[in-house]
Amino acid sequence: MFPFIGGYSIQSCHRGSQMRVGYRIYYQAWTCCVLFLCLTGAPLAEQIPADHPKIAKPPSARSNTVNDQMAQSVSPPGLKPVPIRNFIDEFIFGKMKKDGIPHAGLATDEEFLRRIYLDLTGRLPEPDVLRKFLADKDPAKREKLIDELMATPMKGQIEKLETPFLDRWTYFFGDLFRTNAGDMDRGRNLFRDYLYLALLDNVPYNQIVKEILTASARSNWVDGPSNFLIRDHVDDFNDIKINQEDTYDEIAITTSKVFLGINLECVSCHSGKGHLEKIDLGLSHVDREKVWRQGAFFSKVWVDRPYSIGQEMTLLEQGKGYDLSSRSVRRMPRYEAKLEPEFMLGGERPKQGEPWREAFARILTEHPQFARATVNLIWAELLGVGIVDPPFGFDLDRQDPANPPSAPWAIQPTHPELLNALAKDFQAHNFDLRYLIRLIVNSSTYQLSSHFEGQWKESYAPYFAKHFVRRLSAEMICDAISQATGIFNEIPILYSDKKVKYILQTYSPDDLGGQEALRQLLQFLGQGNRDSVDKDTSGSMVQASALLNSKFVKERARIQEKGRLHNLLNHEPPLSNEEIVDELFLAFLARFPRPSERPVALETLQQRHGQGLEDLAWSLINKPDFILNH
């Protein structure tokens, strides 16, 4: 057996290290299973570039006008022309045409359907959905499907209907905002529900950010948005009293990283000069005082634990200002400096009489970098790589093609004009997250195939010349195993009587404490804890072994009452082996079996029927197709 696990591998040291992102492909020999080797079929390795987009030449200026032209492909002949669907395609395909770069054709309907379901809902399409979509001759069926997947029910219907789009993207923002019970305790549920309802109501993203930055509460157990800032509290040496200045620093670091794409962690401890010239030109000019002035916007806040019960805390406007003489428990000693609230990008300060946090929220959300960082983050989530990558590593001295940095540095975004156009369009549409997601997934750029005709070259990667294959998150893999087999365990939500089926419906990884087999597999697959362990979608032999031997996998690959395997064997009228094989491949891989796979699968069923069906299910879970988004 030769399972394949691939995905972005992100390795980073603590402060100031460069991040290296690349595809890793791991194979583990398993000599006893001829069935799996036969079913593996054509490997996906040929579809994966040797590296991610690094540095590209800045494209020339071009029009944003949407038209119905076709991209002038320089790909091998025989591919259907790729339509230009929106201004994203104008930029992407215009640059490829200008530089003579070939690109892949559009994804097949099978390829597109699985991808869009995973990206928008975190779930696999069911077999009947795939059959219906393949039979549909409507040329606008992809756009209609996107609208259908993103549609959400009225508030009164939420309890009766599943909301996979909301579940998937609430979980995404839960990861982004590090929502967990360890730091928020019972406030975690309120904050998660706040995010869910904000996405349900399609609240403008700038409004969401303003609300969580300016929240106050007598108790974070009764106010959801206040938990975002409370999440960054830092306990003092006694682990009881809270160190306010360290808390202000952490808030400055978190808000700059999450909302501006700039990582201030290094310069919060020492100034950038003399340390970061070979890592980040923009931060090499930043000194510690800028971080303190950024944190000073929050220095009228007082985070406290007055009730001495768990993590129940207050967030009130009772702070005394940033005290440079205070002793830090995390960083080098502070020193005397001029200290007033001052936004690090442009130096803007609060208006006279304006509350400092309200000033920060206003300045941050109105700054162009807020929109740039947001659209880049969503782009990276949907296409696997950001226009600036990593998304939290913006080097602000390397963004403008009109003012390029000196050699050996180059412009950081692969498509700087596109990034700016997306940001301005996001602002013009009132920071509408659904609009942004819909814009990206409707583009031909997103809908390109991951299969490239001809010889792929690493130099094509910065152009987004094909869709990048990447590994699914740990949560999506385990949800897909449960969905494909039809075997679910109820997962209780902490501090509530609510139970859910899918991991992406949980409120944070804390909810999985009682699911030992599931929890172990998730850890092997790189699930983070939203605190000390970051999520990881790279691959390893340990992960391959875990999928092969996991108790969670083996239990779900067994024939169980009400499970998919049981239903296939007991279907009325009875299904032929051919029909069972087709249904199994559709349920697990969202495609029909290939010519090389079908006879092996049929022979397995004919020889060992029930046991053969279990073997097939187990094998499909361990195929490359199952754990990859392609």
# chains A, B, ... in the order shown; residues from 1 in each chain; ligands from 1
$ closest_atom_pairs --of "stretch 310-351 of chain A" --to "stretch 250-270 of chain A" --cutoff "10 Å" --atoms "only C-alpha atoms" --output "Markdown table"
| residue | atom | partner | partner_atom | distance |
| --- | --- | --- | --- | --- |
| A:Arg330 | CA | A:Cys269 | CA | 8.6 |
| A:Arg331 | CA | A:Cys269 | CA | 5.4 |
| A:Met332 | CA | A:Cys269 | CA | 5.8 |
| A:Pro333 | CA | A:Cys269 | CA | 8.7 |
| A:Arg334 | CA | A:Cys269 | CA | 9.0 |
| A:Met344 | CA | A:Ser256 | CA | 9.3 |
| A:Leu345 | CA | A:Leu260 | CA | 9.8 |
$ write_last_selection --atoms "N, CA and C atoms" --output "PDB file, in the first residue's frame"
ATOM      1  N   ARG A 330       7.022  38.497  29.765  1.00  0.00           N
ATOM      2  CA  ARG A 330       7.231  37.843  28.468  1.00  0.00           C
ATOM      3  C   ARG A 330       8.380  38.427  27.658  1.00  0.00           C
ATOM      4  N   ARG A 331       8.708  39.687  27.895  1.00  0.00           N
ATOM      5  CA  ARG A 331       9.644  40.352  26.999  1.00  0.00           C
ATOM      6  C   ARG A 331      10.763  41.043  27.762  1.00  0.00           C
ATOM      7  N   MET A 332      11.716  41.548  26.998  1.00  0.00           N
ATOM      8  CA  MET A 332      12.825  42.272  27.588  1.00  0.00           C
ATOM      9  C   MET A 332      12.299  43.500  28.322  1.00  0.00           C
ATOM     10  N   PRO A 333      13.072  44.025  29.295  1.00  0.00           N
ATOM     11  CA  PRO A 333      12.608  45.192  30.058  1.00  0.00           C
ATOM     12  C   PRO A 333      12.290  46.380  29.151  1.00  0.00           C
ATOM     13  N   ARG A 334      11.278  47.131  29.533  1.00  0.00           N
ATOM     14  CA  ARG A 334      10.919  48.333  28.803  1.00  0.00           C
ATOM     15  C   ARG A 334      11.816  49.482  29.247  1.00  0.00           C
ATOM     16  N   MET A 344       0.450  52.441  13.877  1.00  0.00           N
ATOM     17  CA  MET A 344       1.793  52.187  13.343  1.00  0.00           C
ATOM     18  C   MET A 344       1.899  52.465  11.841  1.00  0.00           C
ATOM     19  N   LEU A 345       0.791  52.421  11.119  1.00  0.00           N
ATOM     20  CA  LEU A 345       0.812  52.696   9.682  1.00  0.00           C
ATOM     21  C   LEU A 345       0.284  54.112   9.448  1.00  0.00           C
TER      22      LEU A 345
END
$ select_by_dssp --residues "stretch 383-606 of chain A" --states "strand (DSSP E)" --output "NGL selection string"
:A and (470-471 or 491-492 or 499-500)
$ residues_around --residues "A:His571" --least-positions-apart "6" --cutoff "12 Å" --atoms "only C-alpha atoms" --output "list in words"
Lys562, Gly563, Arg564, Leu565, Asn577, Glu579, Ile580 and Glu583 of chain A
$ atom_distance --atom1 "atom CA of A:Glu354" --atom2 "atom CA of A:Trp292"
19.3 Å
$ residues_around --residues "A:Phe431" --least-positions-apart "5" --cutoff "7 Å" --atoms "only C-alpha atoms" --output "mmCIF file with N, CA and C atoms, in the first residue's frame"
data_model
loop_
_atom_site.group_PDB
_atom_site.id
_atom_site.type_symbol
_atom_site.label_atom_id
_atom_site.label_comp_id
_atom_site.auth_asym_id
_atom_site.auth_seq_id
_atom_site.Cartn_x
_atom_site.Cartn_y
_atom_site.Cartn_z
ATOM 1 N N PRO A 204 -21.173 43.276 7.771
ATOM 2 C CA PRO A 204 -19.914 43.687 7.138
ATOM 3 C C PRO A 204 -18.726 43.372 8.044
ATOM 4 N N TYR A 205 -17.655 42.903 7.436
ATOM 5 C CA TYR A 205 -16.508 42.454 8.223
ATOM 6 C C TYR A 205 -15.906 43.589 9.036
ATOM 7 N N ASN A 206 -15.886 44.789 8.491
ATOM 8 C CA ASN A 206 -15.342 45.906 9.269
ATOM 9 C C ASN A 206 -16.186 46.179 10.505
ATOM 10 N N PHE A 426 -13.564 45.123 -2.369
ATOM 11 C CA PHE A 426 -14.091 44.681 -1.076
ATOM 12 C C PHE A 426 -14.622 45.876 -0.286
#
$ closest_residue --among "A:Asp479, A:Asp582, A:Glu561, A:Asp534" --to "A:Phe626" --atoms "only C-alpha atoms"
A:Asp479
$ select_by_dssp --residues "stretch 246-469 of chain A" --states "helix (DSSP H, G or I)" --output "ChimeraX atom specification"
/A:246-260,283-285,288-296,356-366,368-383,396-398,416-428,433-441,458-463
$ atom_distance --atom1 "atom CA of A:Tyr460" --atom2 "atom CA of A:Gly393"
22.2 Å
$ residues_around --residues "A:Val469" --least-positions-apart "3" --cutoff "7 Å" --atoms "only C-alpha atoms" --output "compact mmCIF listing (two decimals) with N, CA and C atoms, in the first residue's frame"
# COMPACT_ATOMS: atom_id res chain seq x y z
N ILE A 48 1.26 18.23 -8.67
CA ILE A 48 1.68 19.12 -7.59
C ILE A 48 2.99 19.82 -7.95
N SER A 450 -6.55 21.11 -11.49
CA SER A 450 -5.25 20.86 -10.85
C SER A 450 -4.36 20.00 -11.74
N LEU A 628 -7.02 14.91 -0.11
CA LEU A 628 -6.53 16.09 -0.81
C LEU A 628 -7.67 16.92 -1.38
N ASN A 629 -7.50 18.20 -1.35
CA ASN A 629 -8.40 19.11 -2.05
C ASN A 629 -7.71 19.47 -3.37
N HIS A 630 -8.32 19.02 -4.45
CA HIS A 630 -7.69 19.21 -5.76
C HIS A 630 -8.71 19.70 -6.78
$ residues_around --residues "A:Asp397" --least-positions-apart "3" --cutoff "9 Å" --atoms "only C-alpha atoms" --output "number ranges by chain"
A: 280-283, 394, 400, 403-405, 411-412
$ write_last_selection --atoms "N, CA and C atoms" --output "PDB file, in the first residue's frame"
ATOM      1  N   ASP A 280      12.675  41.018   6.781  1.00  0.00           N
ATOM      2  CA  ASP A 280      11.504  41.834   6.507  1.00  0.00           C
ATOM      3  C   ASP A 280      11.929  43.293   6.480  1.00  0.00           C
ATOM      4  N   LEU A 281      11.970  43.877   5.272  1.00  0.00           N
ATOM      5  CA  LEU A 281      12.441  45.254   5.146  1.00  0.00           C
ATOM      6  C   LEU A 281      11.549  46.227   5.904  1.00  0.00           C
ATOM      7  N   GLY A 282      10.238  46.033   5.815  1.00  0.00           N
ATOM      8  CA  GLY A 282       9.324  46.941   6.485  1.00  0.00           C
ATOM      9  C   GLY A 282       9.519  46.938   7.988  1.00  0.00           C
ATOM     10  N   LEU A 283       9.617  45.760   8.581  1.00  0.00           N
ATOM     11  CA  LEU A 283       9.779  45.669  10.024  1.00  0.00           C
ATOM     12  C   LEU A 283      11.179  46.055  10.490  1.00  0.00           C
ATOM     13  N   PHE A 394       3.129  40.078   5.620  1.00  0.00           N
ATOM     14  CA  PHE A 394       3.271  41.218   4.716  1.00  0.00           C
ATOM     15  C   PHE A 394       4.545  41.998   5.043  1.00  0.00           C
ATOM     16  N   ASP A 400       4.800  47.885  -3.536  1.00  0.00           N
ATOM     17  CA  ASP A 400       4.499  48.835  -4.609  1.00  0.00           C
ATOM     18  C   ASP A 400       5.432  48.639  -5.799  1.00  0.00           C
ATOM     19  N   ASN A 403       7.590  51.545  -6.722  1.00  0.00           N
ATOM     20  CA  ASN A 403       8.714  51.843  -5.825  1.00  0.00           C
ATOM     21  C   ASN A 403       9.325  50.538  -5.335  1.00  0.00           C
ATOM     22  N   PRO A 404       9.983  49.818  -6.237  1.00  0.00           N
ATOM     23  CA  PRO A 404      10.513  48.503  -5.867  1.00  0.00           C
ATOM     24  C   PRO A 404      11.689  48.622  -4.893  1.00  0.00           C
ATOM     25  N   PRO A 405      11.880  47.610  -4.073  1.00  0.00           N
ATOM     26  CA  PRO A 405      13.020  47.623  -3.154  1.00  0.00           C
ATOM     27  C   PRO A 405      14.319  47.380  -3.902  1.00  0.00           C
ATOM     28  N   ILE A 411       9.494  42.630  -5.378  1.00  0.00           N
ATOM     29  CA  ILE A 411       8.132  42.887  -4.941  1.00  0.00           C
ATOM     30  C   ILE A 411       7.543  41.603  -4.352  1.00  0.00           C
ATOM     31  N   GLN A 412       6.877  41.713  -3.215  1.00  0.00           N
ATOM     32  CA  GLN A 412       6.380  40.521  -2.517  1.00  0.00           C
ATOM     33  C   GLN A 412       5.121  39.927  -3.139  1.00  0.00           C
TER      34      GLN A 412
END
$ atom_distance --atom1 "atom CA of A:His451" --atom2 "atom CA of A:Pro416"
26.2 Å
$ decode --residues "stretch 184-222 of chain A" --atoms "N, CA and C atoms" --output "PDB file, in the first residue's frame"
ATOM      1  N   MET A 184     -11.118  31.276  27.301  1.00  0.00           N
ATOM      2  CA  MET A 184     -12.379  32.013  27.375  1.00  0.00           C
ATOM      3  C   MET A 184     -13.379  31.365  28.306  1.00  0.00           C
ATOM      4  N   ASP A 185     -13.137  30.096  28.649  1.00  0.00           N
ATOM      5  CA  ASP A 185     -14.037  29.343  29.504  1.00  0.00           C
ATOM      6  C   ASP A 185     -15.437  29.377  28.894  1.00  0.00           C
ATOM      7  N   ARG A 186     -16.439  29.696  29.670  1.00  0.00           N
ATOM      8  CA  ARG A 186     -17.817  29.689  29.183  1.00  0.00           C
ATOM      9  C   ARG A 186     -18.088  30.800  28.169  1.00  0.00           C
ATOM     10  N   GLY A 187     -17.223  31.795  28.137  1.00  0.00           N
ATOM     11  CA  GLY A 187     -17.379  32.851  27.150  1.00  0.00           C
ATOM     12  C   GLY A 187     -17.128  32.392  25.737  1.00  0.00           C
ATOM     13  N   ARG A 188     -16.438  31.241  25.593  1.00  0.00           N
ATOM     14  CA  ARG A 188     -16.160  30.698  24.258  1.00  0.00           C
ATOM     15  C   ARG A 188     -17.436  30.475  23.469  1.00  0.00           C
ATOM     16  N   ASN A 189     -18.439  29.878  24.095  1.00  0.00           N
ATOM     17  CA  ASN A 189     -19.681  29.577  23.391  1.00  0.00           C
ATOM     18  C   ASN A 189     -20.376  30.841  22.917  1.00  0.00           C
ATOM     19  N   LEU A 190     -20.361  31.871  23.763  1.00  0.00           N
ATOM     20  CA  LEU A 190     -21.000  33.133  23.385  1.00  0.00           C
ATOM     21  C   LEU A 190     -20.286  33.772  22.201  1.00  0.00           C
ATOM     22  N   PHE A 191     -18.955  33.727  22.218  1.00  0.00           N
ATOM     23  CA  PHE A 191     -18.200  34.339  21.125  1.00  0.00           C
ATOM     24  C   PHE A 191     -18.407  33.565  19.828  1.00  0.00           C
ATOM     25  N   ARG A 192     -18.394  32.236  19.916  1.00  0.00           N
ATOM     26  CA  ARG A 192     -18.640  31.428  18.716  1.00  0.00           C
ATOM     27  C   ARG A 192     -20.034  31.701  18.159  1.00  0.00           C
ATOM     28  N   ASP A 193     -21.039  31.780  19.030  1.00  0.00           N
ATOM     29  CA  ASP A 193     -22.398  32.055  18.562  1.00  0.00           C
ATOM     30  C   ASP A 193     -22.498  33.456  17.962  1.00  0.00           C
ATOM     31  N   TYR A 194     -21.753  34.388  18.532  1.00  0.00           N
ATOM     32  CA  TYR A 194     -21.721  35.746  17.968  1.00  0.00           C
ATOM     33  C   TYR A 194     -21.181  35.710  16.539  1.00  0.00           C
ATOM     34  N   LEU A 195     -20.089  34.983  16.316  1.00  0.00           N
ATOM     35  CA  LEU A 195     -19.516  34.886  14.973  1.00  0.00           C
ATOM     36  C   LEU A 195     -20.491  34.201  14.014  1.00  0.00           C
ATOM     37  N   TYR A 196     -21.128  33.146  14.479  1.00  0.00           N
ATOM     38  CA  TYR A 196     -22.087  32.414  13.650  1.00  0.00           C
ATOM     39  C   TYR A 196     -23.228  33.333  13.204  1.00  0.00           C
ATOM     40  N   LEU A 197     -23.789  34.076  14.144  1.00  0.00           N
ATOM     41  CA  LEU A 197     -24.904  34.960  13.808  1.00  0.00           C
ATOM     42  C   LEU A 197     -24.449  36.126  12.930  1.00  0.00           C
ATOM     43  N   ALA A 198     -23.226  36.611  13.149  1.00  0.00           N
ATOM     44  CA  ALA A 198     -22.713  37.682  12.301  1.00  0.00           C
ATOM     45  C   ALA A 198     -22.587  37.209  10.855  1.00  0.00           C
ATOM     46  N   LEU A 199     -22.142  35.952  10.659  1.00  0.00           N
ATOM     47  CA  LEU A 199     -22.045  35.404   9.305  1.00  0.00           C
ATOM     48  C   LEU A 199     -23.430  35.117   8.739  1.00  0.00           C
ATOM     49  N   LEU A 200     -24.329  34.659   9.588  1.00  0.00           N
ATOM     50  CA  LEU A 200     -25.702  34.422   9.147  1.00  0.00           C
ATOM     51  C   LEU A 200     -26.333  35.715   8.636  1.00  0.00           C
ATOM     52  N   ASP A 201     -26.150  36.799   9.367  1.00  0.00           N
ATOM     53  CA  ASP A 201     -26.724  38.093   8.985  1.00  0.00           C
ATOM     54  C   ASP A 201     -25.869  38.828   7.964  1.00  0.00           C
ATOM     55  N   ASN A 202     -24.746  38.230   7.589  1.00  0.00           N
ATOM     56  CA  ASN A 202     -23.812  38.855   6.644  1.00  0.00           C
ATOM     57  C   ASN A 202     -23.426  40.269   7.099  1.00  0.00           C
ATOM     58  N   VAL A 203     -23.092  40.385   8.367  1.00  0.00           N
ATOM     59  CA  VAL A 203     -22.639  41.660   8.913  1.00  0.00           C
ATOM     60  C   VAL A 203     -21.330  42.049   8.228  1.00  0.00           C
ATOM     61  N   PRO A 204     -21.173  43.276   7.771  1.00  0.00           N
ATOM     62  CA  PRO A 204     -19.914  43.687   7.138  1.00  0.00           C
ATOM     63  C   PRO A 204     -18.726  43.372   8.044  1.00  0.00           C
ATOM     64  N   TYR A 205     -17.655  42.903   7.436  1.00  0.00           N
ATOM     65  CA  TYR A 205     -16.508  42.454   8.223  1.00  0.00           C
ATOM     66  C   TYR A 205     -15.906  43.589   9.036  1.00  0.00           C
ATOM     67  N   ASN A 206     -15.886  44.789   8.491  1.00  0.00           N
ATOM     68  CA  ASN A 206     -15.342  45.906   9.269  1.00  0.00           C
ATOM     69  C   ASN A 206     -16.186  46.179  10.505  1.00  0.00           C
ATOM     70  N   GLN A 207     -17.491  45.927  10.408  1.00  0.00           N
ATOM     71  CA  GLN A 207     -18.362  46.117  11.569  1.00  0.00           C
ATOM     72  C   GLN A 207     -18.093  45.048  12.622  1.00  0.00           C
ATOM     73  N   ILE A 208     -17.902  43.804  12.184  1.00  0.00           N
ATOM     74  CA  ILE A 208     -17.558  42.739  13.132  1.00  0.00           C
ATOM     75  C   ILE A 208     -16.293  43.105  13.889  1.00  0.00           C
ATOM     76  N   VAL A 209     -15.286  43.563  13.152  1.00  0.00           N
ATOM     77  CA  VAL A 209     -14.000  43.907  13.772  1.00  0.00           C
ATOM     78  C   VAL A 209     -14.166  45.065  14.751  1.00  0.00           C
ATOM     79  N   LYS A 210     -14.933  46.064  14.374  1.00  0.00           N
ATOM     80  CA  LYS A 210     -15.170  47.191  15.283  1.00  0.00           C
ATOM     81  C   LYS A 210     -15.856  46.733  16.553  1.00  0.00           C
ATOM     82  N   GLU A 211     -16.808  45.841  16.426  1.00  0.00           N
ATOM     83  CA  GLU A 211     -17.553  45.390  17.597  1.00  0.00           C
ATOM     84  C   GLU A 211     -16.676  44.603  18.565  1.00  0.00           C
ATOM     85  N   ILE A 212     -15.800  43.764  18.057  1.00  0.00           N
ATOM     86  CA  ILE A 212     -14.971  42.978  18.969  1.00  0.00           C
ATOM     87  C   ILE A 212     -13.819  43.793  19.538  1.00  0.00           C
ATOM     88  N   LEU A 213     -13.409  44.854  18.844  1.00  0.00           N
ATOM     89  CA  LEU A 213     -12.329  45.697  19.357  1.00  0.00           C
ATOM     90  C   LEU A 213     -12.816  46.685  20.407  1.00  0.00           C
ATOM     91  N   THR A 214     -14.095  46.993  20.412  1.00  0.00           N
ATOM     92  CA  THR A 214     -14.611  48.014  21.333  1.00  0.00           C
ATOM     93  C   THR A 214     -15.532  47.427  22.405  1.00  0.00           C
ATOM     94  N   ALA A 215     -15.618  46.100  22.477  1.00  0.00           N
ATOM     95  CA  ALA A 215     -16.521  45.463  23.429  1.00  0.00           C
ATOM     96  C   ALA A 215     -16.068  45.701  24.866  1.00  0.00           C
ATOM     97  N   SER A 216     -17.024  45.777  25.770  1.00  0.00           N
ATOM     98  CA  SER A 216     -16.776  45.840  27.209  1.00  0.00           C
ATOM     99  C   SER A 216     -17.751  44.894  27.887  1.00  0.00           C
ATOM    100  N   ALA A 217     -17.373  44.396  29.074  1.00  0.00           N
ATOM    101  CA  ALA A 217     -18.263  43.467  29.759  1.00  0.00           C
ATOM    102  C   ALA A 217     -17.906  43.359  31.234  1.00  0.00           C
ATOM    103  N   ARG A 218     -18.949  43.280  32.072  1.00  0.00           N
ATOM    104  CA  ARG A 218     -18.740  42.951  33.480  1.00  0.00           C
ATOM    105  C   ARG A 218     -18.297  41.510  33.632  1.00  0.00           C
ATOM    106  N   SER A 219     -18.704  40.698  32.668  1.00  0.00           N
ATOM    107  CA  SER A 219     -18.304  39.298  32.664  1.00  0.00           C
ATOM    108  C   SER A 219     -18.264  38.800  31.230  1.00  0.00           C
ATOM    109  N   ASN A 220     -17.176  38.152  30.869  1.00  0.00           N
ATOM    110  CA  ASN A 220     -17.090  37.587  29.525  1.00  0.00           C
ATOM    111  C   ASN A 220     -17.998  36.374  29.364  1.00  0.00           C
ATOM    112  N   TRP A 221     -18.619  35.937  30.457  1.00  0.00           N
ATOM    113  CA  TRP A 221     -19.555  34.822  30.387  1.00  0.00           C
ATOM    114  C   TRP A 221     -20.956  35.263  29.950  1.00  0.00           C
ATOM    115  N   VAL A 222     -21.144  36.559  29.817  1.00  0.00           N
ATOM    116  CA  VAL A 222     -22.447  37.048  29.370  1.00  0.00           C
ATOM    117  C   VAL A 222     -22.338  37.914  28.119  1.00  0.00           C
TER     118      VAL A 222
END
